[in-house]
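Below: entry.cif (mmCIF, C-alpha atoms)
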```
data_my_file
loop_
_atom_site.group_PDB
_atom_site.id
_atom_site.type_symbol
_atom_site.label_atom_id
_atom_site.label_comp_id
_atom_site.auth_asym_id
_atom_site.auth_seq_id
_atom_site.Cartn_x
_atom_site.Cartn_y
_atom_site.Cartn_z
ATOM 1 C CA ALA A 1 0.000 0.000 0.000
ATOM 2 C CA PHE A 2 1.113 3.589 -0.552
ATOM 3 C CA ASN A 3 -0.071 7.144 -0.119
ATOM 4 C CA ASN A 4 -1.373 8.855 -3.270
ATOM 5 C CA THR A 5 -1.182 12.370 -1.929
ATOM 6 C CA LYS A 6 -0.221 14.763 -4.696
ATOM 7 C CA THR A 7 2.116 15.085 -7.626
ATOM 8 C CA ILE A 8 5.301 17.027 -6.938
ATOM 9 C CA ASN A 9 7.380 18.143 -9.903
ATOM 10 C CA THR A 10 10.410 19.621 -8.212
ATOM 11 C CA LEU A 11 10.942 17.476 -5.131
ATOM 12 C CA GLY A 12 14.661 16.723 -4.929
ATOM 13 C CA GLY A 13 15.562 19.338 -7.522
ATOM 14 C CA ALA A 14 14.241 17.865 -10.800
ATOM 15 C CA SER A 15 11.998 20.153 -12.836
ATOM 16 C CA SER A 16 11.859 18.285 -16.149
ATOM 17 C CA ILE A 17 10.030 15.187 -14.896
ATOM 18 C CA GLU A 18 6.827 14.455 -13.014
ATOM 19 C CA VAL A 19 6.793 11.470 -10.629
ATOM 20 C CA PHE A 20 3.651 9.839 -9.295
ATOM 21 C CA PRO A 21 3.263 8.870 -6.539
ATOM 22 C CA PRO A 22 5.877 11.325 -5.230
ATOM 23 C CA GLU A 23 6.974 8.814 -2.560
ATOM 24 C CA VAL A 24 6.396 5.111 -1.946
ATOM 25 C CA LEU A 25 4.957 3.884 1.333
ATOM 26 C CA PHE A 26 4.371 0.242 2.282
ATOM 27 C CA LYS A 27 2.310 -0.176 5.471
ATOM 28 C CA ASP A 28 1.839 -3.178 7.756
ATOM 29 C CA VAL A 29 4.377 -5.319 5.901
ATOM 30 C CA GLU A 30 4.746 -8.961 6.915
ATOM 31 C CA VAL A 31 8.002 -10.930 6.680
ATOM 32 C CA ASP A 32 8.628 -13.059 3.572
ATOM 33 C CA GLN A 33 5.828 -11.320 1.665
ATOM 34 C CA ASN A 34 6.428 -9.482 -1.602
ATOM 35 C CA TYR A 35 4.954 -5.997 -2.089
ATOM 36 C CA GLU A 36 4.968 -3.971 -5.288
ATOM 37 C CA VAL A 37 3.915 -0.530 -6.455
ATOM 38 C CA THR A 38 4.100 1.071 -9.888
ATOM 39 C CA VAL A 39 5.630 4.526 -10.211
ATOM 40 C CA THR A 40 5.013 6.646 -13.310
ATOM 41 C CA ILE A 41 7.660 9.071 -14.616
ATOM 42 C CA ARG A 42 6.638 11.610 -17.252
ATOM 43 C CA ASN A 43 8.817 13.983 -19.237
ATOM 44 C CA ILE A 44 7.154 17.388 -18.811
ATOM 45 C CA SER A 45 9.895 19.312 -20.598
ATOM 46 C CA LYS A 46 10.036 20.123 -24.294
ATOM 47 C CA LYS A 47 13.176 18.080 -24.890
ATOM 48 C CA VAL A 48 13.894 14.402 -25.405
ATOM 49 C CA ARG A 49 15.684 13.151 -22.282
ATOM 50 C CA ARG A 50 17.363 9.980 -21.126
ATOM 51 C CA VAL A 51 16.405 8.893 -17.600
ATOM 52 C CA LYS A 52 18.714 6.782 -15.451
ATOM 53 C CA PHE A 53 18.047 5.126 -12.104
ATOM 54 C CA GLU A 54 20.218 4.449 -9.089
ATOM 55 C CA GLN A 55 19.096 1.372 -7.110
ATOM 56 C CA PRO A 56 18.248 1.625 -3.379
ATOM 57 C CA ASN A 57 20.985 0.885 -0.872
ATOM 58 C CA THR A 58 18.806 -1.547 1.089
ATOM 59 C CA ARG A 59 18.449 -5.000 -0.408
ATOM 60 C CA ALA A 60 14.826 -5.183 0.804
ATOM 61 C CA PHE A 61 13.884 -2.619 -1.867
ATOM 62 C CA PHE A 62 14.360 -3.163 -5.597
ATOM 63 C CA CYS A 63 13.630 -1.058 -8.667
ATOM 64 C CA ASP A 64 12.706 -2.832 -11.915
ATOM 65 C CA TYR A 65 12.137 -1.083 -15.248
ATOM 66 C CA GLU A 66 12.359 -1.664 -18.982
ATOM 67 C CA ALA A 67 15.012 0.376 -20.792
ATOM 68 C CA LYS A 68 13.392 1.946 -23.863
ATOM 69 C CA GLY A 69 15.924 4.579 -24.720
ATOM 70 C CA PRO A 70 15.317 8.345 -24.534
ATOM 71 C CA LEU A 71 11.959 9.597 -23.235
ATOM 72 C CA ALA A 72 10.229 11.976 -25.667
ATOM 73 C CA ALA A 73 8.572 15.176 -24.483
ATOM 74 C CA GLY A 74 5.151 14.509 -22.939
ATOM 75 C CA LEU A 75 5.601 10.727 -22.767
ATOM 76 C CA SER A 76 5.921 8.598 -19.642
ATOM 77 C CA MET A 77 7.426 5.345 -18.451
ATOM 78 C CA ASN A 78 6.739 3.045 -15.495
ATOM 79 C CA ILE A 79 9.054 1.503 -12.940
ATOM 80 C CA THR A 80 8.120 -1.179 -10.406
ATOM 81 C CA VAL A 81 9.300 -0.769 -6.821
ATOM 82 C CA SER A 82 9.207 -3.998 -4.818
ATOM 83 C CA PHE A 83 9.846 -4.785 -1.170
ATOM 84 C CA GLN A 84 10.482 -8.045 0.678
ATOM 85 C CA THR A 85 12.262 -8.818 3.956
ATOM 86 C CA ASP A 86 12.770 -11.531 6.544
ATOM 87 C CA GLU A 87 13.106 -8.984 9.396
ATOM 88 C CA GLU A 88 10.250 -7.372 11.295
ATOM 89 C CA LYS A 89 11.307 -3.723 11.438
ATOM 90 C CA ASP A 90 10.843 -0.406 9.627
ATOM 91 C CA PHE A 91 12.839 0.340 6.470
ATOM 92 C CA HIS A 92 13.690 3.679 4.833
ATOM 93 C CA ASP A 93 15.585 4.208 1.573
ATOM 94 C CA TYR A 94 15.385 6.045 -1.751
ATOM 95 C CA ILE A 95 15.776 5.682 -5.513
ATOM 96 C CA MET A 96 17.724 8.390 -7.308
ATOM 97 C CA ILE A 97 16.076 9.269 -10.646
ATOM 98 C CA LYS A 98 18.476 11.133 -12.950
ATOM 99 C CA PRO A 99 16.947 12.927 -15.949
ATOM 100 C CA GLU A 100 19.483 14.000 -18.564
ATOM 101 C CA GLY A 101 20.522 17.626 -18.220
ATOM 102 C CA ASP A 102 18.629 18.189 -14.972
ATOM 103 C CA ALA A 103 19.050 17.739 -11.240
ATOM 104 C CA PRO A 104 18.207 14.263 -9.874
ATOM 105 C CA TYR A 105 14.889 13.424 -8.256
ATOM 106 C CA LYS A 106 14.994 11.604 -4.899
ATOM 107 C CA LEU A 107 12.112 9.108 -4.677
ATOM 108 C CA GLU A 108 11.804 8.239 -1.008
ATOM 109 C CA LEU A 109 10.849 4.695 0.007
ATOM 110 C CA HIS A 110 9.307 3.647 3.343
ATOM 111 C CA ALA A 111 8.179 0.282 4.673
ATOM 112 C CA TYR A 112 6.559 -0.032 8.097
ATOM 113 C CA LYS A 113 6.001 -3.138 10.144
ATOM 114 C CA PRO A 114 2.468 -3.741 11.501
ATOM 115 C CA ALA A 115 1.767 -1.303 14.315
ATOM 116 C CA PRO A 116 -1.105 0.414 16.098
ATOM 117 C CA GLU A 117 -2.423 3.553 14.393
ATOM 118 C CA ILE A 118 -4.279 5.598 16.987
ATOM 119 C CA VAL A 119 -6.374 8.502 15.682
ATOM 120 C CA PHE A 120 -8.133 11.147 17.782
ATOM 121 C CA GLU A 121 -9.367 14.741 17.717
ATOM 122 C CA PRO A 122 -6.395 17.015 18.516
ATOM 123 C CA PHE A 123 -8.387 19.986 19.861
ATOM 124 C CA VAL A 124 -11.199 20.294 22.418
ATOM 125 C CA ASP A 125 -12.817 23.678 23.043
ATOM 126 C CA PHE A 126 -15.188 23.981 26.010
ATOM 127 C CA GLY A 127 -16.023 27.560 25.088
ATOM 128 C CA PHE A 128 -17.504 29.616 27.945
ATOM 129 C CA ILE A 129 -18.118 27.966 31.308
ATOM 130 C CA SER A 130 -19.900 29.843 34.081
ATOM 131 C CA ILE A 131 -18.066 29.991 37.399
ATOM 132 C CA GLY A 132 -19.152 27.073 39.568
ATOM 133 C CA LYS A 133 -20.524 25.055 36.649
ATOM 134 C CA THR A 134 -19.188 21.732 35.362
ATOM 135 C CA GLU A 135 -18.991 20.745 31.687
ATOM 136 C CA GLU A 136 -18.056 17.436 30.094
ATOM 137 C CA LYS A 137 -16.894 16.380 26.641
ATOM 138 C CA GLU A 138 -15.847 13.071 25.103
ATOM 139 C CA ILE A 139 -13.003 12.277 22.706
ATOM 140 C CA GLU A 140 -13.071 9.131 20.601
ATOM 141 C CA PHE A 141 -9.830 7.188 20.177
ATOM 142 C CA ARG A 142 -9.727 4.659 17.306
ATOM 143 C CA ASN A 143 -7.101 2.109 16.348
ATOM 144 C CA LEU A 144 -6.841 1.844 12.552
ATOM 145 C CA GLY A 145 -3.639 -0.202 12.683
ATOM 146 C CA LYS A 146 -2.905 -3.907 12.577
ATOM 147 C CA ARG A 147 -1.653 -4.276 16.142
ATOM 148 C CA SER A 148 -3.056 -3.464 19.568
ATOM 149 C CA GLY A 149 -1.728 -0.333 21.243
ATOM 150 C CA ASN A 150 -1.399 0.825 24.852
ATOM 151 C CA VAL A 151 -2.538 4.449 25.157
ATOM 152 C CA ASN A 152 -1.394 6.675 28.006
ATOM 153 C CA LEU A 153 -2.633 10.240 28.450
ATOM 154 C CA GLN A 154 -0.208 12.516 30.274
ATOM 155 C CA LEU A 155 -0.886 15.997 31.645
ATOM 156 C CA LYS A 156 1.846 18.580 32.036
ATOM 157 C CA ASP A 157 1.354 20.769 35.120
ATOM 158 C CA PRO A 158 -2.259 19.637 35.567
ATOM 159 C CA PRO A 159 -4.722 21.795 37.545
ATOM 160 C CA SER A 160 -6.515 20.375 40.570
ATOM 161 C CA SER A 161 -8.514 17.178 40.113
ATOM 162 C CA GLN A 162 -11.646 19.114 41.020
ATOM 163 C CA GLU A 163 -11.089 21.526 38.152
ATOM 164 C CA PHE A 164 -9.897 19.157 35.407
ATOM 165 C CA MET A 165 -10.320 15.395 35.097
ATOM 166 C CA VAL A 166 -9.535 12.917 32.311
ATOM 167 C CA HIS A 167 -10.892 9.371 32.496
ATOM 168 C CA PRO A 168 -9.591 6.865 31.700
ATOM 169 C CA ARG A 169 -5.966 7.958 31.582
ATOM 170 C CA ALA A 170 -4.593 4.616 30.341
ATOM 171 C CA PHE A 171 -6.182 1.910 28.187
ATOM 172 C CA THR A 172 -5.490 -0.598 25.409
ATOM 173 C CA LEU A 173 -7.042 -0.537 21.940
ATOM 174 C CA ASP A 174 -7.095 -3.697 19.861
ATOM 175 C CA GLU A 175 -7.146 -3.641 16.060
ATOM 176 C CA GLY A 176 -10.302 -1.855 14.881
ATOM 177 C CA GLU A 177 -11.383 -0.963 18.436
ATOM 178 C CA SER A 178 -12.480 2.469 19.648
ATOM 179 C CA LYS A 179 -12.918 4.053 23.074
ATOM 180 C CA LEU A 180 -14.426 7.247 24.451
ATOM 181 C CA VAL A 181 -12.391 9.303 26.919
ATOM 182 C CA ASN A 182 -14.261 11.709 29.202
ATOM 183 C CA ILE A 183 -12.886 15.182 29.929
ATOM 184 C CA ARG A 184 -14.605 17.053 32.742
ATOM 185 C CA MET A 185 -13.997 20.675 33.674
ATOM 186 C CA MET A 186 -15.333 22.772 36.531
ATOM 187 C CA ALA A 187 -14.948 26.543 36.375
ATOM 188 C CA VAL A 188 -13.421 27.768 39.617
ATOM 189 C CA GLU A 189 -12.768 31.250 40.953
ATOM 190 C CA PRO A 190 -10.250 32.700 40.686
ATOM 191 C CA PRO A 191 -9.839 31.015 37.280
ATOM 192 C CA THR A 192 -6.649 28.977 36.989
ATOM 193 C CA PHE A 193 -7.346 27.289 33.664
ATOM 194 C CA GLU A 194 -6.717 28.775 30.264
ATOM 195 C CA ARG A 195 -5.249 26.055 28.027
ATOM 196 C CA LYS A 196 -3.841 22.638 28.810
ATOM 197 C CA THR A 197 -2.124 20.027 26.689
ATOM 198 C CA ILE A 198 -2.680 16.273 26.912
ATOM 199 C CA THR A 199 0.228 14.278 25.513
ATOM 200 C CA VAL A 200 -0.830 11.032 23.836
ATOM 201 C CA MET A 201 1.665 8.190 24.228
ATOM 202 C CA VAL A 202 1.272 4.892 22.356
ATOM 203 C CA ALA A 203 3.646 2.072 23.265
ATOM 204 C CA GLU A 204 6.147 4.540 24.811
ATOM 205 C CA ASP A 205 6.168 6.710 21.664
ATOM 206 C CA ARG A 206 4.665 10.181 21.524
ATOM 207 C CA LYS A 207 1.898 10.163 18.916
ATOM 208 C CA GLY A 208 0.547 13.677 19.315
ATOM 209 C CA THR A 209 -1.157 16.098 21.653
ATOM 210 C CA ILE A 210 -4.664 17.243 22.508
ATOM 211 C CA ASP A 211 -5.116 20.941 23.210
ATOM 212 C CA VAL A 212 -7.920 21.652 25.700
ATOM 213 C CA SER A 213 -9.134 25.223 26.147
ATOM 214 C CA ALA A 214 -11.883 27.004 28.092
ATOM 215 C CA THR A 215 -12.895 30.468 29.183
ATOM 216 C CA TYR A 216 -14.287 30.938 32.694
ATOM 217 C CA VAL A 217 -16.887 33.672 33.083
ATOM 218 C CA LYS A 218 -19.162 34.982 35.799
ATOM 219 C CA SER A 219 -22.796 34.319 34.952
ATOM 220 C CA HIS A 220 -25.302 36.863 36.273
ATOM 221 C CA PHE A 221 -29.105 36.691 36.017
ATOM 222 C CA SER A 222 -30.998 39.719 37.319
ATOM 223 C CA VAL A 223 -34.131 41.891 37.177
ATOM 224 C CA VAL A 224 -33.801 45.585 36.306
ATOM 225 C CA PHE A 225 -36.286 48.477 35.998
ATOM 226 C CA GLU A 226 -35.902 51.674 34.025
ATOM 227 C CA ASP A 227 -36.866 53.858 36.982
ATOM 228 C CA GLY A 228 -34.166 52.120 38.990
ATOM 229 C CA GLY A 229 -31.421 53.369 36.718
ATOM 230 C CA ASP A 230 -31.129 49.973 34.972
ATOM 231 C CA LYS A 231 -29.588 48.536 38.115
ATOM 232 C CA SER A 232 -30.264 45.046 39.421
ATOM 233 C CA THR A 233 -32.784 44.845 42.238
ATOM 234 C CA THR A 234 -34.037 42.272 44.722
ATOM 235 C CA GLU A 235 -37.059 44.298 45.813
ATOM 236 C CA LEU A 236 -40.227 45.292 43.980
ATOM 237 C CA PRO A 237 -42.084 48.077 45.834
ATOM 238 C CA PHE A 238 -45.615 48.854 44.610
ATOM 239 C CA GLY A 239 -46.227 51.595 47.167
ATOM 240 C CA SER A 240 -49.573 52.196 48.863
ATOM 241 C CA MET A 241 -52.585 50.764 47.044
ATOM 242 C CA TYR A 242 -56.345 50.857 47.548
ATOM 243 C CA PHE A 243 -58.369 47.667 47.815
ATOM 244 C CA GLY A 244 -59.220 46.440 44.306
ATOM 245 C CA GLU A 245 -56.616 48.638 42.627
ATOM 246 C CA THR A 246 -54.325 47.109 39.956
ATOM 247 C CA ARG A 247 -50.826 48.352 39.384
ATOM 248 C CA GLU A 248 -48.115 47.223 36.967
ATOM 249 C CA ARG A 249 -44.323 47.384 37.027
ATOM 250 C CA ILE A 250 -42.466 46.709 33.773
ATOM 251 C CA GLY A 251 -38.840 45.606 33.844
ATOM 252 C CA SER A 252 -36.404 43.277 32.154
ATOM 253 C CA LEU A 253 -34.859 39.912 32.926
ATOM 254 C CA VAL A 254 -31.178 40.302 32.046
ATOM 255 C CA ASN A 255 -28.848 37.400 31.308
ATOM 256 C CA ASN A 256 -25.225 38.577 31.457
ATOM 257 C CA GLY A 257 -23.821 35.072 31.094
ATOM 258 C CA PRO A 258 -22.504 33.153 28.055
ATOM 259 C CA THR A 259 -25.177 30.430 28.222
ATOM 260 C CA GLU A 260 -28.936 30.607 27.839
ATOM 261 C CA ALA A 261 -30.890 30.950 31.094
ATOM 262 C CA ARG A 262 -34.213 29.173 31.596
ATOM 263 C CA PHE A 263 -36.438 30.719 34.269
ATOM 264 C CA SER A 264 -39.688 29.982 36.077
ATOM 265 C CA MET A 265 -41.419 32.683 38.088
ATOM 266 C CA LYS A 266 -42.837 31.530 41.440
ATOM 267 C CA PHE A 267 -44.560 33.565 44.135
ATOM 268 C CA THR A 268 -44.149 32.264 47.683
ATOM 269 C CA LYS A 269 -45.846 33.483 50.834
ATOM 270 C CA GLY A 270 -43.509 34.807 53.499
ATOM 271 C CA GLY A 271 -45.162 36.195 56.668
ATOM 272 C CA ASN A 272 -47.861 38.608 55.505
ATOM 273 C CA GLU A 273 -46.179 39.388 52.195
ATOM 274 C CA PHE A 274 -45.534 37.657 48.903
ATOM 275 C CA GLY A 275 -42.081 37.547 47.391
ATOM 276 C CA MET A 276 -40.779 36.728 43.928
ATOM 277 C CA SER A 277 -38.178 34.022 43.128
ATOM 278 C CA THR A 278 -36.497 32.935 39.919
ATOM 279 C CA THR A 279 -34.533 29.832 39.089
ATOM 280 C CA GLN A 280 -32.726 28.332 36.115
ATOM 281 C CA SER A 281 -34.489 25.031 36.755
ATOM 282 C CA PHE A 282 -38.255 24.591 36.658
ATOM 283 C CA ASP A 283 -38.111 22.018 39.444
ATOM 284 C CA ASP A 284 -36.058 23.810 42.101
ATOM 285 C CA LEU A 285 -38.855 25.803 43.716
ATOM 286 C CA ASP A 286 -41.477 23.076 43.375
ATOM 287 C CA MET A 287 -39.311 20.760 45.470
ATOM 288 C CA ILE A 288 -39.517 23.015 48.544
ATOM 289 C CA LYS A 289 -43.290 23.640 48.433
ATOM 290 C CA SER A 290 -45.968 21.348 49.836
ATOM 291 C CA PRO A 291 -49.326 20.794 48.047
ATOM 292 C CA HIS A 292 -50.944 22.972 50.741
ATOM 293 C CA GLU A 293 -48.519 25.808 49.981
ATOM 294 C CA GLU A 294 -49.140 25.350 46.263
ATOM 295 C CA GLY A 295 -52.869 25.709 46.861
ATOM 296 C CA LEU A 296 -52.425 28.822 48.992
ATOM 297 C CA GLU A 297 -50.380 30.406 46.223
ATOM 298 C CA LEU A 298 -53.219 29.932 43.744
ATOM 299 C CA THR A 299 -56.034 31.061 46.062
ATOM 300 C CA GLU A 300 -54.326 33.863 47.992
ATOM 301 C CA ARG A 301 -51.921 35.177 45.366
ATOM 302 C CA VAL A 302 -52.295 38.892 44.791
ATOM 303 C CA MET A 303 -49.482 39.275 42.245
ATOM 304 C CA THR A 304 -48.495 37.600 38.995
ATOM 305 C CA ALA A 305 -46.081 38.158 36.121
ATOM 306 C CA GLU A 306 -46.080 37.944 32.354
ATOM 307 C CA PRO A 307 -44.447 35.725 31.262
ATOM 308 C CA LEU A 308 -44.227 33.263 34.151
ATOM 309 C CA SER A 309 -41.515 31.201 32.450
ATOM 310 C CA GLY A 310 -39.254 31.337 29.459
ATOM 311 C CA LEU A 311 -35.738 31.346 28.089
ATOM 312 C CA VAL A 312 -33.294 34.262 27.963
ATOM 313 C CA ALA A 313 -30.549 34.002 25.357
ATOM 314 C CA PRO A 314 -26.893 34.644 26.301
ATOM 315 C CA TYR A 315 -26.011 38.297 26.855
ATOM 316 C CA SER A 316 -29.564 39.469 26.190
ATOM 317 C CA GLN A 317 -32.692 40.567 28.040
ATOM 318 C CA MET A 318 -36.418 39.883 28.032
ATOM 319 C CA PRO A 319 -39.206 42.298 29.036
ATOM 320 C CA ILE A 320 -41.313 41.193 31.998
ATOM 321 C CA LYS A 321 -44.465 42.686 33.541
ATOM 322 C CA PHE A 322 -45.372 42.383 37.238
ATOM 323 C CA ILE A 323 -49.090 42.835 37.970
#
```

This structure in structure tokens:
Amino acid sequence: AFNNTKTINTLGGASSIEVFPPEVLFKDVEVDQNYEVTVTIRNISKKVRRVKFEQPNTRAFFCDYEAKGPLAAGLSMNITVSFQTDEEKDFHDYIMIKPEGDAPYKLELHAYKPAPEIVFEPFVDFGFISIGKTEEKEIEFRNLGKRSGNVNLQLKDPPSSQEFMVHPRAFTLDEGESKLVNIRMMAVEPPTFERKTITVMVAEDRKGTIDVSATYVKSHFSVVFEDGGDKSTTELPFGSMYFGETRERIGSLVNNGPTEARFSMKFTKGGNEFGMSTTQSFDDLDMIKSPHEEGLELTERVMTAEPLSGLVAPYSQMPIKFI
């Protein structure tokens, strides 16, 4: 097998010939097996040229071709590169192609013994994480090679385990097997995390890195009123009112965080007054109220809001009316 990547005219100095494939790669070679690949050489100049070949230095590689004399402009010829060995190891060599009147072209040859080929996503971006929140992502590791591989994930100067966790850190992938690795991050204050690198080791060899990045932000969800100078408030005074009178206060729910905020407006009785509460979970307030308290809210409630629930997009606001 070989990589058909792209045609390179001037690799090694030659500009009068075109060689395809530009290098020869044999993967997962077994001992005492013969492998062959055909290489095409074309004369892209306007002159008739003789082309000579210098055999590889390694006996495992061999170049075979049919001598046909000079190569006319625009025409091509084929050579056969073969590989066979009785040793299980990697081989590297080259064939020197020498067009007449031009610099030689170095055709590189590579043969690799069967080995694990671990592939993975090299970059993980958590984006914005609100302080105190935890986010998780998964990376898939796949073995496309012909041998099993031991994978070890190493962290350089890791933050605290509470802030950054990778699991599992070590595992084995058989041929064709895949595995998901969990990365968990918790935004702490003051923020200590900006970017970290996970080094991926396979069978004691470094195979690459995974860059993990995140931005910690303070998320703030508040209620503001125009007559309050657009400042956040925790109180909603209606002033003195007559029995049967209706009064409205119009404000805005403001989400200053990087993630959408889901809210549910609940009115709970406290002493002789009613107060207003908001939450980013519809269930939080319901969990602390008994059915009796729920009934009292419906029968004795003297205030409501429009809307009672909804979703506020990141860094935006929503009008709300208290009645």

**Q.** Output check: residues returned by the PyMOL selection byres ((chain A and resi 213) around 9), as an MDAnalysis selection string
**A.** chainID A and resid 123:127 193:197 211:212 214:215

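Pairwise distance (atom CA of A:Asn256, atom CA of A:Ser222) equals 8.3 Å.
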
(Q) Please expand the PyMOL selection byres ((chain A and resi 66) around 9) into the concrete residues it hits in this file, giving the result as a PyMOL selection string. (A) chain A and resi 64-65+67-68+77-79

Q) Do you know which residues lie at most 7 Å from (12.1, -6.0, -9.1), with coordinates as in the file and all atoms listed in the file counted, and could you write them as number ranges by chain? A) A: 62-64, 80-82

Q: Find the residues around A:Glu163 up to 7 Å (only C-alpha atoms counted), leave out those fewer than 5 positions away in its own chain, and share them as a ChimeraX atom specification.
A: /A:185-188

Q.
Please enumerate the residues selected by the PyMOL selection byres ((chain A and resi 91-103) around 10) when evaluated against the supplied file, formatted as a ChimeraX atom specification.
A. /A:10,12-17,19,23-26,41,43,47-63,70-71,81,83,85,87-90,104-113

(Q) Residues within 12 Å of A:Pro168, please, as a ChimeraX atom specification. Count all atoms listed in the file; anything in the same chain fewer than 3 positions from it doesn't count. (A) /A:138-141,151-154,165,171-172,179-184

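In terms of minimum interatomic distance to A:Ser316, A:Ser252 ranks closest within A:Ser178, A:Ser252, A:Ser264, A:Asn150, counting all atoms listed in the file.
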
Q.
Could you check the closest approach to A:Glu30 for each of A:Thr246, A:Pro114, A:Lys207, A:Ser45 and tell me which residue wins, using only C-alpha atoms?
A.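 Nearest to A:Glu30: A:Pro114.
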
Q: To one decimal in Å, tell me the separation between atom CA of A:Lys46 and atom CA of A:Ala73.
A: 5.2 Å

Q: Kindly indicate which residue among A:Ile129, A:Leu155, A:Leu75, A:Val202 lies nearest to A:Glu189, using all atoms listed in the file for the distances.
A: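 For A:Glu189, the nearest of the candidates is A:Ile129.
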
Q) How far is it from atom CA of A:Phe120 to atom CA of A:Val217, in Å with one decimal? A)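 So the two atoms, atom CA of A:Phe120 and atom CA of A:Val217, lie 28.6 Å apart.
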
Q: Identify which of the residues A:Ile323, A:Met241, A:Met303, A:Leu308 lies closest to A:Met265, counting all atoms listed in the file when measuring atom-to-atom distances.
A: A:Leu308

Q: Go through A:Gly244, A:Lys266, A:Glu136, A:Asn255 and flag the residue nearest A:Ala313, using only C-alpha atoms for the distances.
A: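 Among A:Gly244, A:Lys266, A:Glu136, A:Asn255, it is A:Asn255 that comes nearest to A:Ala313.
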
Write stretch 89-94 of chain A as a PDB file, in the coordinates of the input, completed to all heavy atoms.
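Saved the output as part-v8.pdb:
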```pdb
ATOM      1  N   LYS A  89      10.888  -5.058  11.009  1.00  0.00           N
ATOM      2  CA  LYS A  89      11.307  -3.723  11.438  1.00  0.00           C
ATOM      3  C   LYS A  89      10.926  -2.734  10.348  1.00  0.00           C
ATOM      4  O   LYS A  89      10.461  -3.113   9.260  1.00  0.00           O
ATOM      5  CB  LYS A  89      12.809  -3.679  11.699  1.00  0.00           C
ATOM      6  CG  LYS A  89      13.665  -3.876  10.461  1.00  0.00           C
ATOM      7  CD  LYS A  89      15.156  -3.723  10.795  1.00  0.00           C
ATOM      8  CE  LYS A  89      16.006  -3.765   9.529  1.00  0.00           C
ATOM      9  NZ  LYS A  89      17.451  -3.577   9.831  1.00  0.00           N
ATOM     10  N   ASP A  90      11.126  -1.450  10.607  1.00  0.00           N
ATOM     11  CA  ASP A  90      10.843  -0.406   9.627  1.00  0.00           C
ATOM     12  C   ASP A  90      12.054  -0.200   8.721  1.00  0.00           C
ATOM     13  O   ASP A  90      13.204  -0.296   9.170  1.00  0.00           O
ATOM     14  CB  ASP A  90      10.487   0.914  10.330  1.00  0.00           C
ATOM     15  CG  ASP A  90       9.227   0.804  11.165  1.00  0.00           C
ATOM     16  OD1 ASP A  90       8.401  -0.081  10.879  1.00  0.00           O
ATOM     17  OD2 ASP A  90       9.067   1.616  12.100  1.00  0.00           O
ATOM     18  N   PHE A  91      11.776   0.096   7.442  1.00  0.00           N
ATOM     19  CA  PHE A  91      12.839   0.340   6.470  1.00  0.00           C
ATOM     20  C   PHE A  91      12.623   1.699   5.801  1.00  0.00           C
ATOM     21  O   PHE A  91      11.478   2.090   5.524  1.00  0.00           O
ATOM     22  CB  PHE A  91      12.851  -0.741   5.383  1.00  0.00           C
ATOM     23  CG  PHE A  91      13.312  -2.091   5.860  1.00  0.00           C
ATOM     24  CD1 PHE A  91      12.427  -2.956   6.487  1.00  0.00           C
ATOM     25  CD2 PHE A  91      14.630  -2.498   5.673  1.00  0.00           C
ATOM     26  CE1 PHE A  91      12.846  -4.203   6.919  1.00  0.00           C
ATOM     27  CE2 PHE A  91      15.046  -3.745   6.108  1.00  0.00           C
ATOM     28  CZ  PHE A  91      14.157  -4.602   6.732  1.00  0.00           C
ATOM     29  N   HIS A  92      13.740   2.397   5.530  1.00  0.00           N
ATOM     30  CA  HIS A  92      13.690   3.679   4.833  1.00  0.00           C
ATOM     31  C   HIS A  92      14.858   3.738   3.839  1.00  0.00           C
ATOM     32  O   HIS A  92      15.996   3.433   4.197  1.00  0.00           O
ATOM     33  CB  HIS A  92      13.793   4.845   5.822  1.00  0.00           C
ATOM     34  CG  HIS A  92      12.766   4.805   6.914  1.00  0.00           C
ATOM     35  ND1 HIS A  92      11.470   5.232   6.729  1.00  0.00           N
ATOM     36  CD2 HIS A  92      12.847   4.357   8.192  1.00  0.00           C
ATOM     37  CE1 HIS A  92      10.791   5.068   7.860  1.00  0.00           C
ATOM     38  NE2 HIS A  92      11.607   4.537   8.755  1.00  0.00           N
ATOM     39  N   ASP A  93      14.553   4.139   2.606  1.00  0.00           N
ATOM     40  CA  ASP A  93      15.585   4.208   1.573  1.00  0.00           C
ATOM     41  C   ASP A  93      15.108   5.169   0.496  1.00  0.00           C
ATOM     42  O   ASP A  93      14.097   5.865   0.681  1.00  0.00           O
ATOM     43  CB  ASP A  93      15.852   2.811   0.997  1.00  0.00           C
ATOM     44  CG  ASP A  93      17.282   2.657   0.496  1.00  0.00           C
ATOM     45  OD1 ASP A  93      17.874   3.671   0.078  1.00  0.00           O
ATOM     46  OD2 ASP A  93      17.792   1.522   0.505  1.00  0.00           O
ATOM     47  N   TYR A  94      15.796   5.174  -0.648  1.00  0.00           N
ATOM     48  CA  TYR A  94      15.385   6.045  -1.751  1.00  0.00           C
ATOM     49  C   TYR A  94      15.944   5.511  -3.064  1.00  0.00           C
ATOM     50  O   TYR A  94      16.912   4.745  -3.102  1.00  0.00           O
ATOM     51  CB  TYR A  94      15.846   7.491  -1.529  1.00  0.00           C
ATOM     52  CG  TYR A  94      17.342   7.652  -1.421  1.00  0.00           C
ATOM     53  CD1 TYR A  94      18.133   7.870  -2.555  1.00  0.00           C
ATOM     54  CD2 TYR A  94      17.976   7.582  -0.184  1.00  0.00           C
ATOM     55  CE1 TYR A  94      19.508   8.003  -2.453  1.00  0.00           C
ATOM     56  CE2 TYR A  94      19.348   7.725  -0.074  1.00  0.00           C
ATOM     57  CZ  TYR A  94      20.099   7.935  -1.211  1.00  0.00           C
ATOM     58  OH  TYR A  94      21.467   8.067  -1.114  1.00  0.00           O
TER      59      TYR A  94
END
```
